[in-house]
$ cat data.txt   # compact mmCIF, C-alpha atoms
# COMPACT_ATOMS: atom_id res chain seq x y z
CA MET A 1 -26.68 -21.07 -23.79
CA PRO A 2 -28.09 -17.67 -24.73
CA PRO A 3 -25.73 -14.94 -25.75
CA PRO A 4 -24.73 -12.67 -22.89
CA PHE A 5 -26.77 -9.72 -23.97
CA PHE A 6 -30.00 -11.68 -23.49
CA SER A 7 -29.28 -12.56 -19.89
CA ASN A 8 -30.73 -10.55 -17.05
CA SER A 9 -28.57 -7.76 -15.70
CA GLN A 10 -26.64 -8.82 -12.65
CA GLY A 11 -26.45 -7.12 -9.31
CA SER A 12 -29.14 -5.02 -7.75
CA GLY A 13 -30.02 -1.42 -7.73
CA VAL A 14 -28.22 -0.59 -10.92
CA ALA A 15 -30.70 1.72 -12.47
CA GLU A 16 -28.72 3.27 -15.23
CA GLU A 17 -28.31 0.17 -17.35
CA SER A 18 -30.84 0.04 -20.15
CA GLY A 19 -31.26 -3.66 -20.34
CA ARG A 20 -34.61 -4.40 -21.94
CA GLY A 21 -36.22 -4.00 -25.32
CA LEU A 22 -34.79 -3.13 -28.67
CA THR A 23 -33.10 -0.02 -27.39
CA GLY A 24 -31.33 -1.95 -24.70
CA PHE A 25 -30.38 -4.64 -27.14
CA LEU A 26 -28.89 -2.14 -29.57
CA SER A 27 -27.12 -0.25 -26.84
CA ARG A 28 -25.58 -3.47 -25.64
CA LEU A 29 -24.46 -4.28 -29.13
CA GLY A 30 -22.86 -0.88 -29.22
CA GLY A 31 -21.20 -1.60 -25.92
CA ARG A 32 -19.80 -4.85 -27.18
CA ARG A 33 -18.36 -3.14 -30.16
CA GLY A 34 -16.66 -0.70 -27.84
CA ALA A 35 -15.29 -3.55 -25.80
CA ASP A 36 -13.55 -4.90 -28.86
CA GLY A 37 -11.66 -1.71 -29.03
CA THR A 38 -13.01 -0.63 -32.37
CA ALA A 39 -14.96 2.31 -31.05
CA GLU A 40 -13.53 5.37 -29.46
CA SER A 41 -12.32 4.87 -25.92
CA PRO A 42 -11.71 7.10 -22.93
CA ALA A 43 -8.20 7.89 -21.87
CA ILE A 44 -8.30 4.91 -19.56
CA ASP A 45 -10.74 2.09 -19.68
CA ASP A 46 -10.85 -1.39 -18.35
CA ARG A 47 -13.41 -2.54 -20.83
CA GLY A 48 -16.63 -3.04 -19.01
CA ALA A 49 -15.30 -3.08 -15.49
CA ASP A 50 -17.28 0.03 -14.74
CA GLN A 51 -20.50 -1.39 -16.12
CA ALA A 52 -21.48 -3.79 -13.34
CA GLY A 53 -22.21 -3.50 -9.66
CA PRO A 54 -24.43 -1.32 -7.54
CA VAL A 55 -23.68 2.34 -6.99
CA TYR A 56 -23.45 3.89 -3.53
CA GLY A 57 -22.85 7.35 -2.25
CA THR A 58 -19.66 8.32 -0.52
CA LYS A 59 -19.04 11.22 1.81
CA ALA A 60 -15.34 11.02 2.48
CA LEU A 61 -14.13 10.75 -1.10
CA ARG A 62 -14.93 14.36 -1.86
CA LYS A 63 -12.90 15.51 1.13
CA PHE A 64 -10.08 13.23 0.08
CA LEU A 65 -10.18 14.72 -3.40
CA SER A 66 -10.25 18.26 -2.14
CA MET A 67 -7.05 17.56 -0.27
CA LEU A 68 -5.43 16.09 -3.37
CA SER A 69 -6.48 19.02 -5.51
CA THR A 70 -4.51 21.39 -3.31
CA ARG A 71 -1.29 19.55 -4.11
CA GLU A 72 0.78 20.07 -7.20
CA ALA A 73 1.41 16.77 -9.00
CA PRO A 74 0.07 14.72 -6.11
CA VAL A 75 1.26 11.17 -5.57
CA LEU A 76 -1.47 8.65 -4.88
CA LEU A 77 -1.11 5.13 -3.58
CA ASP A 78 -3.97 2.75 -4.38
CA LEU A 79 -3.95 -0.47 -2.38
CA GLY A 80 -6.75 -2.03 -4.39
CA PRO A 81 -6.70 -3.81 -7.72
CA VAL A 82 -6.04 -1.76 -10.80
CA ILE A 83 -9.25 -0.22 -12.13
CA GLY A 84 -9.18 1.67 -15.38
CA PRO A 85 -11.80 4.32 -14.58
CA ASN A 86 -10.06 5.09 -11.30
CA LEU A 87 -6.75 5.61 -13.05
CA ASN A 88 -8.51 7.85 -15.48
CA PHE A 89 -10.14 9.79 -12.69
CA PHE A 90 -7.06 10.26 -10.57
CA GLY A 91 -4.41 10.22 -13.26
CA GLU A 92 -5.91 12.37 -15.93
CA SER A 93 -8.52 14.46 -14.19
CA LEU A 94 -6.59 15.17 -11.01
CA GLY A 95 -3.11 14.89 -12.44
CA CYS A 96 -1.98 12.36 -9.87
CA LYS A 97 0.90 10.02 -10.26
CA VAL A 98 -0.77 6.80 -9.20
CA PHE A 99 1.01 3.87 -7.61
CA ILE A 100 -0.93 0.63 -7.82
CA GLU A 101 -0.06 -1.82 -5.07
CA ASP A 102 -2.80 -4.41 -5.01
CA LEU A 103 -2.49 -5.76 -1.49
CA PHE A 104 -5.71 -7.74 -1.85
CA THR A 105 -3.71 -9.99 -4.13
CA ASP A 106 -1.17 -10.46 -1.36
CA VAL A 107 -3.90 -11.31 1.12
CA GLU A 108 -5.43 -13.75 -1.30
CA ARG A 109 -2.10 -15.39 -2.06
CA HIS A 110 -1.27 -15.88 1.60
CA ALA A 111 -4.79 -17.06 2.38
CA ARG A 112 -4.60 -19.71 -0.29
CA ALA A 113 -1.15 -20.79 0.77
CA GLY A 114 -2.11 -20.88 4.44
CA THR A 115 0.65 -18.42 5.30
CA LEU A 116 -1.40 -15.56 6.67
CA ALA A 117 0.95 -15.37 9.63
CA ASP A 118 3.58 -14.08 7.21
CA LEU A 119 1.47 -11.13 6.11
CA PRO A 120 2.89 -8.66 8.65
CA ALA A 121 6.42 -9.35 7.46
CA ASN A 122 5.21 -9.12 3.88
CA PHE A 123 3.73 -5.69 4.48
CA GLU A 124 6.91 -4.47 6.12
CA SER A 125 8.88 -5.06 2.95
CA ARG A 126 6.20 -4.78 0.31
CA LEU A 127 5.78 -1.03 0.00
CA THR A 128 9.08 0.31 -1.24
CA GLN A 129 8.15 3.97 -1.63
CA ALA A 130 10.20 6.47 0.34
CA ASP A 131 9.13 7.87 3.69
CA ASN A 132 6.82 10.90 3.46
CA SER A 133 6.48 10.53 -0.30
CA VAL A 134 2.76 9.96 -0.82
CA ASP A 135 0.03 12.60 -0.72
CA GLY A 136 -2.94 10.28 -0.64
CA ILE A 137 -3.61 6.64 0.13
CA LEU A 138 -6.68 4.68 -0.87
CA ALA A 139 -6.84 1.72 1.50
CA TRP A 140 -10.49 0.95 0.68
CA ASP A 141 -11.72 -1.85 3.00
CA LEU A 142 -8.49 -3.81 3.03
CA ILE A 143 -8.03 -3.71 6.79
CA ASP A 144 -11.33 -5.52 7.35
CA TYR A 145 -9.71 -8.60 5.82
CA LEU A 146 -6.62 -8.55 8.01
CA ASP A 147 -5.75 -9.99 11.37
CA VAL A 148 -4.67 -7.45 13.94
CA PRO A 149 -0.89 -7.98 13.56
CA ALA A 150 -1.12 -7.61 9.79
CA ALA A 151 -3.37 -4.59 10.13
CA GLN A 152 -0.92 -3.01 12.54
CA ALA A 153 2.05 -3.69 10.26
CA LEU A 154 0.20 -2.21 7.33
CA ALA A 155 -0.95 0.84 9.26
CA THR A 156 2.61 1.51 10.37
CA GLN A 157 3.84 1.35 6.79
CA LEU A 158 1.10 3.61 5.48
CA THR A 159 1.79 6.14 8.19
CA ARG A 160 5.45 6.08 7.19
CA LEU A 161 4.68 6.72 3.52
CA LEU A 162 2.21 9.55 3.99
CA ARG A 163 3.43 13.10 3.68
CA VAL A 164 2.60 15.67 6.30
CA ASP A 165 -0.97 16.82 5.74
CA GLY A 166 -1.51 13.92 3.37
CA ALA A 167 -4.73 11.91 3.60
CA LEU A 168 -5.61 8.27 3.91
CA LEU A 169 -9.06 6.99 3.08
CA ALA A 170 -10.19 3.68 4.56
CA PHE A 171 -13.51 1.91 4.86
CA PHE A 172 -14.54 -0.23 7.79
CA ASN A 173 -17.67 -2.30 7.79
CA ALA A 174 -19.80 -1.86 10.89
CA THR A 175 -21.96 -4.95 10.53
CA GLN A 176 -21.13 -7.97 12.62
CA VAL A 177 -19.12 -10.66 10.90
CA ARG A 178 -21.22 -13.76 10.41
CA SER A 179 -19.94 -17.28 10.50
CA ASP A 180 -21.00 -17.67 6.89
CA GLU A 181 -19.51 -14.36 5.86
CA PRO A 182 -19.20 -14.33 2.08
CA ARG A 183 -15.71 -14.73 0.72
CA HIS A 184 -15.20 -11.94 -1.70
CA TYR A 185 -13.44 -8.64 -2.08
CA THR A 186 -14.82 -5.42 -3.47
CA LYS A 187 -13.52 -3.20 -6.21
CA TYR A 188 -14.48 0.42 -5.66
CA VAL A 189 -14.91 2.19 -8.96
CA VAL A 190 -15.04 5.96 -8.73
CA VAL A 191 -18.06 7.20 -10.62
CA ASP A 192 -17.76 10.79 -9.44
CA ASP A 193 -16.84 12.76 -6.32
CA ASN A 194 -19.88 11.48 -4.46
CA THR A 195 -20.42 8.03 -5.90
CA LEU A 196 -18.66 4.70 -5.90
CA ARG A 197 -19.59 1.58 -7.76
CA HIS A 198 -19.06 -1.56 -5.70
CA ARG A 199 -17.98 -4.54 -7.72
CA GLN A 200 -17.51 -7.75 -5.82
CA TYR A 201 -15.13 -10.38 -7.01
CA PRO A 202 -14.44 -13.80 -5.54
CA GLY A 203 -11.74 -14.50 -3.03
CA SER A 204 -10.89 -17.04 -0.38
CA ARG A 205 -10.80 -14.61 2.53
CA ALA A 206 -13.79 -13.15 4.31
CA ARG A 207 -14.04 -10.07 6.49
CA GLN A 208 -12.42 -10.87 9.81
CA ARG A 209 -13.85 -8.58 12.42
CA VAL A 210 -15.46 -5.27 13.18
CA PHE A 211 -12.81 -2.81 14.19
CA GLN A 212 -14.05 -0.48 16.89
CA ASN A 213 -13.26 3.19 16.45
CA ARG A 214 -10.79 3.13 19.29
CA ASP A 215 -9.00 0.17 17.70
CA ILE A 216 -8.76 2.04 14.43
CA ILE A 217 -7.31 5.09 16.12
CA ARG A 218 -4.77 2.86 17.85
CA LEU A 219 -3.80 1.26 14.56
CA PHE A 220 -3.01 4.60 12.99
CA GLU A 221 -1.23 6.19 15.88
CA GLY A 222 0.72 8.62 13.72
CA LEU A 223 -2.40 9.93 12.02
CA ARG A 224 -5.41 11.78 13.18
CA VAL A 225 -9.00 11.14 12.15
CA SER A 226 -10.14 14.20 10.30
CA ASP A 227 -13.54 12.94 9.15
CA SER A 228 -15.65 9.91 9.87
CA PHE A 229 -18.95 9.00 8.25
CA LEU A 230 -21.28 6.12 8.98
CA LEU A 231 -23.20 5.44 5.81
CA GLN A 232 -26.57 3.76 5.49
CA THR A 233 -24.74 0.80 4.06
CA ASN A 234 -23.08 0.39 7.47
CA ILE A 235 -19.73 1.28 6.03
CA ARG A 236 -17.67 3.68 8.08
CA GLU A 237 -15.63 5.95 5.86
CA ILE A 238 -12.71 7.34 7.77
CA LEU A 239 -10.38 10.00 6.48
CA PHE A 240 -7.05 10.28 8.23
CA ARG A 241 -4.60 13.14 7.96
CA LYS A 242 -0.99 13.20 8.92
CA PRO A 243 -0.38 16.17 11.18
CA ALA A 244 3.06 17.68 11.46
CA TYR A 245 3.12 17.32 15.21
CA LEU A 246 2.74 13.54 14.93
CA SER A 247 5.14 13.08 12.07
CA GLY A 248 8.27 14.00 13.96
CA GLN A 249 9.16 16.67 11.41
CA MET B 1 1.28 -21.78 -82.44
CA TRP B 2 3.17 -24.97 -81.56
CA LYS B 3 6.44 -23.14 -81.41
CA ARG B 4 4.89 -20.55 -79.13
CA ASP B 5 3.62 -23.17 -76.61
CA GLU B 6 6.92 -24.93 -76.37
CA ALA B 7 8.60 -21.65 -75.64
CA VAL B 8 6.37 -21.15 -72.60
CA LYS B 9 6.66 -24.61 -71.02
CA PRO B 10 10.26 -24.54 -69.84
CA THR B 11 9.68 -21.58 -67.55
CA GLY B 12 7.26 -23.61 -65.37
CA GLN B 13 4.97 -20.66 -64.74
CA THR B 14 1.23 -20.48 -65.10
CA ALA B 15 -0.21 -17.87 -67.30
CA GLY B 16 -0.70 -14.48 -65.75
CA THR B 17 1.75 -14.80 -62.87
CA PRO B 18 4.56 -12.29 -62.78
CA ALA B 19 8.11 -13.47 -62.32
CA PRO B 20 9.40 -12.58 -58.81
CA ALA B 21 11.20 -15.91 -58.80
CA PRO B 22 14.37 -15.24 -56.82
CA ALA B 23 12.62 -13.50 -53.92
CA ALA B 24 9.95 -16.17 -53.58
CA ALA B 25 12.48 -18.95 -53.30
CA VAL B 26 14.25 -17.62 -50.21
CA PRO B 27 11.67 -17.27 -47.40
CA PRO B 28 10.48 -20.88 -47.10
CA ALA B 29 14.00 -22.19 -46.89
CA ALA B 30 15.25 -19.73 -44.29
CA PRO B 31 13.27 -19.72 -40.99
CA SER B 32 13.99 -16.10 -40.35
CA ALA B 33 13.07 -14.76 -36.96
CA VAL B 34 12.18 -11.34 -38.17
CA ARG B 35 9.74 -11.45 -41.01
CA PRO B 36 7.16 -9.14 -42.47
CA ASP B 37 3.69 -9.88 -41.21
CA ALA B 38 1.46 -11.30 -43.88
CA SER B 39 -1.74 -9.84 -42.45
CA ALA B 40 -0.43 -6.32 -42.29
CA SER B 41 -1.92 -3.71 -44.50
CA PRO B 42 0.33 -2.91 -47.42
CA ARG B 43 0.67 0.70 -46.30
CA ARG B 44 2.33 -0.01 -42.94
CA ASP B 45 5.42 -2.03 -42.30
CA VAL B 46 4.96 -4.46 -39.45
CA VAL B 47 7.64 -6.79 -38.26
CA ASN B 48 7.22 -9.84 -36.06
CA ILE B 49 9.75 -11.31 -33.71
CA GLY B 50 8.83 -14.94 -33.33
CA LYS B 51 8.36 -16.74 -30.04
CA SER B 52 11.54 -18.79 -30.33
CA VAL B 53 13.68 -15.66 -30.56
CA VAL B 54 15.62 -14.31 -27.60
CA ILE B 55 17.17 -10.89 -27.87
CA LYS B 56 19.44 -9.30 -25.30
CA GLY B 57 20.42 -5.74 -25.91
CA GLU B 58 18.98 -2.66 -27.50
CA LEU B 59 16.29 -2.78 -30.14
CA ASN B 60 15.65 0.32 -32.24
CA GLY B 61 13.33 0.64 -35.17
CA SER B 62 11.33 2.88 -37.40
CA GLU B 63 8.42 0.60 -38.12
CA ASP B 64 5.72 -1.12 -36.13
CA LEU B 65 6.89 -4.20 -34.31
CA THR B 66 5.19 -7.20 -32.76
CA ILE B 67 7.21 -9.28 -30.32
CA GLU B 68 6.27 -12.83 -29.46
CA GLY B 69 9.67 -13.81 -28.16
CA HIS B 70 11.90 -12.80 -25.26
CA VAL B 71 13.67 -9.47 -25.14
CA GLU B 72 15.92 -8.14 -22.41
CA GLY B 73 17.37 -4.67 -22.52
CA LYS B 74 15.74 -1.72 -24.21
CA ILE B 75 13.23 -1.32 -27.03
CA GLU B 76 12.81 1.99 -28.75
CA LEU B 77 10.26 2.67 -31.48
CA ARG B 78 9.72 6.35 -30.94
CA ASP B 79 7.19 6.93 -33.70
CA HIS B 80 5.69 3.51 -34.03
CA VAL B 81 3.51 0.93 -32.39
CA LEU B 82 5.05 -1.77 -30.27
CA THR B 83 2.92 -4.84 -29.63
CA ILE B 84 3.93 -7.43 -27.08
CA GLY B 85 2.12 -10.53 -28.23
CA PRO B 86 0.56 -13.13 -25.93
CA ASN B 87 3.76 -15.16 -25.95
CA GLY B 88 6.05 -12.18 -25.55
CA LYS B 89 8.15 -11.89 -22.40
CA ILE B 90 9.95 -8.62 -22.05
CA LYS B 91 12.42 -7.47 -19.43
CA ALA B 92 13.21 -4.10 -20.83
CA GLU B 93 12.57 -0.41 -20.89
CA LEU B 94 10.04 0.31 -23.61
CA PHE B 95 9.77 3.55 -25.56
CA ALA B 96 7.24 3.83 -28.37
CA LYS B 97 4.43 5.90 -29.74
CA SER B 98 1.94 3.30 -28.58
CA VAL B 99 2.49 0.12 -26.65
CA ILE B 100 0.01 -2.75 -26.69
CA VAL B 101 0.63 -5.48 -24.15
CA LEU B 102 -0.90 -8.91 -24.45
CA GLY B 103 2.07 -10.74 -22.95
CA GLU B 104 4.37 -10.03 -20.06
CA VAL B 105 6.44 -6.92 -19.48
CA ILE B 106 8.80 -6.25 -16.63
CA GLY B 107 10.18 -2.78 -16.97
CA ASN B 108 9.12 0.80 -17.41
CA VAL B 109 6.92 1.72 -20.34
CA THR B 110 6.95 5.17 -21.91
CA ALA B 111 4.59 5.99 -24.75
CA SER B 112 3.95 9.34 -26.36
CA GLU B 113 0.38 8.36 -27.18
CA LYS B 114 -1.05 5.34 -25.43
CA VAL B 115 -0.35 2.26 -23.40
CA ASP B 116 -2.90 -0.51 -23.76
CA ILE B 117 -2.72 -3.52 -21.45
CA ARG B 118 -5.08 -6.11 -22.81
CA ASP B 119 -6.80 -8.98 -21.08
CA ASN B 120 -4.17 -11.34 -19.61
CA GLY B 121 -1.48 -8.80 -20.36
CA SER B 122 0.90 -8.06 -17.52
CA VAL B 123 3.06 -5.07 -16.72
CA ASP B 124 5.34 -4.73 -13.73
CA GLY B 125 6.82 -1.29 -14.00
CA ASP B 126 6.06 2.37 -14.25
CA ILE B 127 3.97 3.74 -17.10
CA VAL B 128 4.35 7.23 -18.49
CA SER B 129 1.78 7.98 -21.14
CA PRO B 130 -1.03 10.48 -21.68
CA ARG B 131 -3.48 7.64 -22.27
CA VAL B 132 -3.64 4.29 -20.59
CA ALA B 133 -6.10 1.46 -21.20
CA ILE B 134 -6.16 -1.49 -18.85
CA ALA B 135 -8.44 -4.39 -19.59
CA GLU B 136 -10.32 -6.37 -17.01
CA GLY B 137 -8.13 -9.32 -16.19
CA ALA B 138 -4.89 -7.54 -16.92
CA HIS B 139 -2.17 -7.40 -14.31
CA PHE B 140 -0.42 -4.18 -13.44
CA ARG B 141 1.91 -3.26 -10.66
CA GLY B 142 3.71 0.02 -10.64
CA SER B 143 2.87 3.65 -11.13
CA VAL B 144 0.98 5.52 -13.81
CA ASP B 145 1.96 9.04 -14.73
CA MET B 146 -0.31 10.52 -17.36
CA GLN B 147 0.74 14.11 -17.03
CA ARG B 148 4.41 13.79 -17.84
CA GLY B 149 3.54 11.88 -20.96
CA ALA B 150 1.02 14.50 -21.94
CA GLY B 151 3.63 17.18 -21.51
CA LYS B 152 5.79 15.60 -24.16
CA GLN B 153 2.98 16.09 -26.63
CA ALA B 154 3.85 19.76 -26.81
CA ALA B 155 0.57 20.64 -25.16
CA PRO B 156 1.32 22.36 -21.91
CA ALA B 157 -2.21 22.53 -20.59
CA ARG B 158 -3.75 19.31 -19.37
CA THR B 159 -6.99 19.80 -21.19
CA GLU B 160 -5.27 20.49 -24.47
CA SER B 161 -3.34 17.30 -24.37
CA LYS B 162 -6.43 15.12 -24.62
CA PRO B 163 -7.30 15.57 -28.28
CA VAL B 164 -3.77 14.98 -29.46
CA PRO B 165 -3.70 11.23 -29.12
CA ALA B 166 -7.18 10.77 -30.48
CA GLN B 167 -6.19 11.08 -34.12
CA PRO B 168 -3.40 8.50 -34.31
CA GLN B 169 -5.57 6.11 -32.33
CA GLN B 170 -7.22 5.02 -35.54
CA GLN B 171 -3.88 3.98 -36.90
CA GLN B 172 -3.29 1.92 -33.85
CA GLN B 173 -6.58 0.09 -34.17
CA GLY B 174 -5.59 -1.11 -37.59
CA GLN B 175 -2.32 -2.23 -36.12
CA GLN B 176 -3.95 -4.17 -33.27
CA LYS B 177 -5.26 -6.80 -35.64
CA VAL B 178 -1.74 -7.70 -36.56
CA GLY B 179 -0.59 -8.61 -33.11
CA VAL B 180 -3.60 -10.62 -32.02
$ encode --input "data.txt" --output "structure tokens"
Amino acid sequence: MPPPFFSNSQGSGVAEESGRGLTGFLSRLGGRRGADGTAESPAIDDRGADQAGPVYGTKALRKFLSMLSTREAPVLLDLGPVIGPNLNFFGESLGCKVFIEDLFTDVERHARAGTLADLPANFESRLTQADNSVDGILAWDLIDYLDVPAAQALATQLTRLLRVDGALLAFFNATQVRSDEPRHYTKYVVVDDNTLRHRQYPGSRARQRVFQNRDIIRLFEGLRVSDSFLLQTNIREILFRKPAYLSGQ
Amino acid sequence: MWKRDEAVKPTGQTAGTPAPAPAAAVPPAAPSAVRPDASASPRRDVVNIGKSVVIKGELNGSEDLTIEGHVEGKIELRDHVLTIGPNGKIKAELFAKSVIVLGEVIGNVTASEKVDIRDNGSVDGDIVSPRVAIAEGAHFRGSVDMQRGAGKQAAPARTESKPVPAQPQQQQQGQQKVGV
């Protein structure tokens, strides 16, 4: 088996990796040395996690960030798996206190155990943060993997946690779900304000359905859609805000 | 010449070896839980807590420490590196200059310089540290606060706090070899 740095680069559309020739070889050697922790490292790294996967533009992230930047010591809730570059981005650059609650793990656990019907109850007790305590929530595309009752339970909890004028960013895929829909989840690595790297990782749950816009609005009754973008990738990026008049405050 | 040879034989030592006899006799007989690490550089004191050791209570120290056993309570190494080895299982509040996690930690972790969760390392708790490294494959659940930790570095501005941990990082890299 050839050593890993001789294999072809994985994924598609990743232009910035210099993979061929002596230069690429040496740069990869350098990268491996860094991965061993002997070279200098950024404030947060997850050792190569940001190196793979195609890069796509994002429209809503910048708006989400601009909201966070107006807050002093903002509190962020990330519902995806822990990703070093994201912690670096939000924790160090934006000064956020970041809560990591990887609900994809919960979905995966229940899917494997055949207890997906218990997910709504799980979500009701899973997030222990206080009401109105979070400035921003990154839900990524989690809701695409949920049945409607679980999605509703989660949306209710997220609405409860969000502070007035706080923002929630969620992605919804607009392409029809196929019968052979691939079973994987996606890690969204923040490259910069306008760019996300999509890194797929295996799972036992596929996307469940296409949520129509009206269904999404119903799910998040206590929030209002402030921005919505349909990207060329057929991902709908929706930014919700919690208005005072809907919060009961 | 003959007299000189006979005088040497009774000591049982080979030529050239010094005579630290009493100290050398003790360690093999006593399976001490806390022992100096043989691979450590001579300049830095590193202590290991073996995997059969269970400690409940408060652990304070002024030298680098690697834990392979179980600890419940509180661990405080304010100016030193704490390494939780792959076999280490910790249910405690951790305070150290740097914390390297290869095992399992349940509890809050506060480091004045850096928290490093390595591959297969697991932390369930809140992290306060100006620098955090999380490896692919590591588990983390909790919150990360990098600004409060940076504030303790006596650098009020965010941007000024970055260079502070960079210098002692080299010390930590030397230390990492010990725990792995």
$ closest_residue --input "data.txt" --among "A:Lys97, A:Arg109, A:Lys59, A:Arg163" --to "Gly203 (chain A)" --atoms "all atoms listed in the file"
A:Arg109
$ residues_around --input "data.txt" --residues "Ser52 (chain B)" --least-positions-apart "4" --cutoff "10 Å" --atoms "all atoms listed in the file" --output "VMD selection string"
chain B and resid 33 68 to 70 87 to 88
$ write_last_selection --input "data.txt" --atoms "C-alpha atoms" --output "PDB file, in the coordinates of the input"
ATOM      1  CA  ALA B  33      13.070 -14.760 -36.960  1.00  0.00           C
ATOM      2  CA  GLU B  68       6.270 -12.830 -29.460  1.00  0.00           C
ATOM      3  CA  GLY B  69       9.670 -13.810 -28.160  1.00  0.00           C
ATOM      4  CA  HIS B  70      11.900 -12.800 -25.260  1.00  0.00           C
ATOM      5  CA  ASN B  87       3.760 -15.160 -25.950  1.00  0.00           C
ATOM      6  CA  GLY B  88       6.050 -12.180 -25.550  1.00  0.00           C
TER       7      GLY B  88
END
$ closest_atom_pairs --input "data.txt" --of "chain B" --to "chain A" --cutoff "8 Å" --atoms "only C-alpha atoms" --output "tab-separated table"
residue	atom	partner	partner_atom	distance
B:Pro130	CA	A:Ala43	CA	7.6
B:Arg131	CA	A:Ala43	CA	4.7
B:Val132	CA	A:Ile44	CA	4.8
B:Ala133	CA	A:Ile44	CA	4.4
B:Ile134	CA	A:Asp46	CA	4.7
B:Ala135	CA	A:Asp46	CA	4.0
B:Glu136	CA	A:Asp46	CA	5.2
B:His139	CA	A:Val82	CA	7.7
B:Phe140	CA	A:Val82	CA	6.7
B:Arg141	CA	A:Ile100	CA	5.6
B:Gly142	CA	A:Ile100	CA	5.5
B:Ser143	CA	A:Phe99	CA	4.0
B:Val144	CA	A:Val98	CA	5.1
B:Asp145	CA	A:Lys97	CA	4.7
B:Met146	CA	A:Gly91	CA	5.8
B:Gln147	CA	A:Gly95	CA	6.0
B:Lys162	CA	A:Ala43	CA	7.9
B:Gln173	CA	A:Thr38	CA	6.7
$ residues_around --input "data.txt" --residues "Val190 (chain A)" --least-positions-apart "2" --cutoff "12 Å" --atoms "all atoms listed in the file" --output "ChimeraX atom specification"
/A:49-51,53-58,61-62,65,83-90,138,140,187-188,192-199
$ atom_distance --input "data.txt" --atom1 "CA of Gly85 (chain B)" --atom2 "CA of Glu63 (chain B)"
16.2 Å
$ atom_distance --input "data.txt" --atom1 "CA of Asn120 (chain B)" --atom2 "CA of Asn60 (chain B)"
26.2 Å
$ atom_distance --input "data.txt" --atom1 "CA of His80 (chain B)" --atom2 "CA of Ile127 (chain B)"
17.0 Å
$ residues_near_point --input "data.txt" --point "(0.6, 11.1, 0.4)" --cutoff "10 Å" --atoms "only C-alpha atoms" --output "ChimeraX atom specification"
/A:68,71,74-77,131-138,158-168,241-242
$ closest_residue --input "data.txt" --among "B:Val71, B:Leu94, B:Ile117, B:Leu77" --to "Val53 (chain B)" --atoms "all atoms listed in the file"
B:Val71
$ axis_aligned_box --input "data.txt" --around "region 230-239 of chain A" --padding-each-side "5 Å" --output "lines of an AutoDock Vina configuration file"
center_x = -18.5
center_y = 5.2
center_z = 6.5
size_x = 26.2
size_y = 19.6
size_z = 14.9
$ closest_residue --input "data.txt" --among "B:Ser122, B:Ile67, B:Glu58, B:Leu82" --to "Thr110 (chain B)" --atoms "only C-alpha atoms"
B:Leu82
$ residues_around --input "data.txt" --residues "Leu239 (chain A)" --least-positions-apart "6" --cutoff "9 Å" --atoms "all atoms listed in the file" --output "number ranges by chain"
A: 60-61, 63-64, 167-171, 224-229
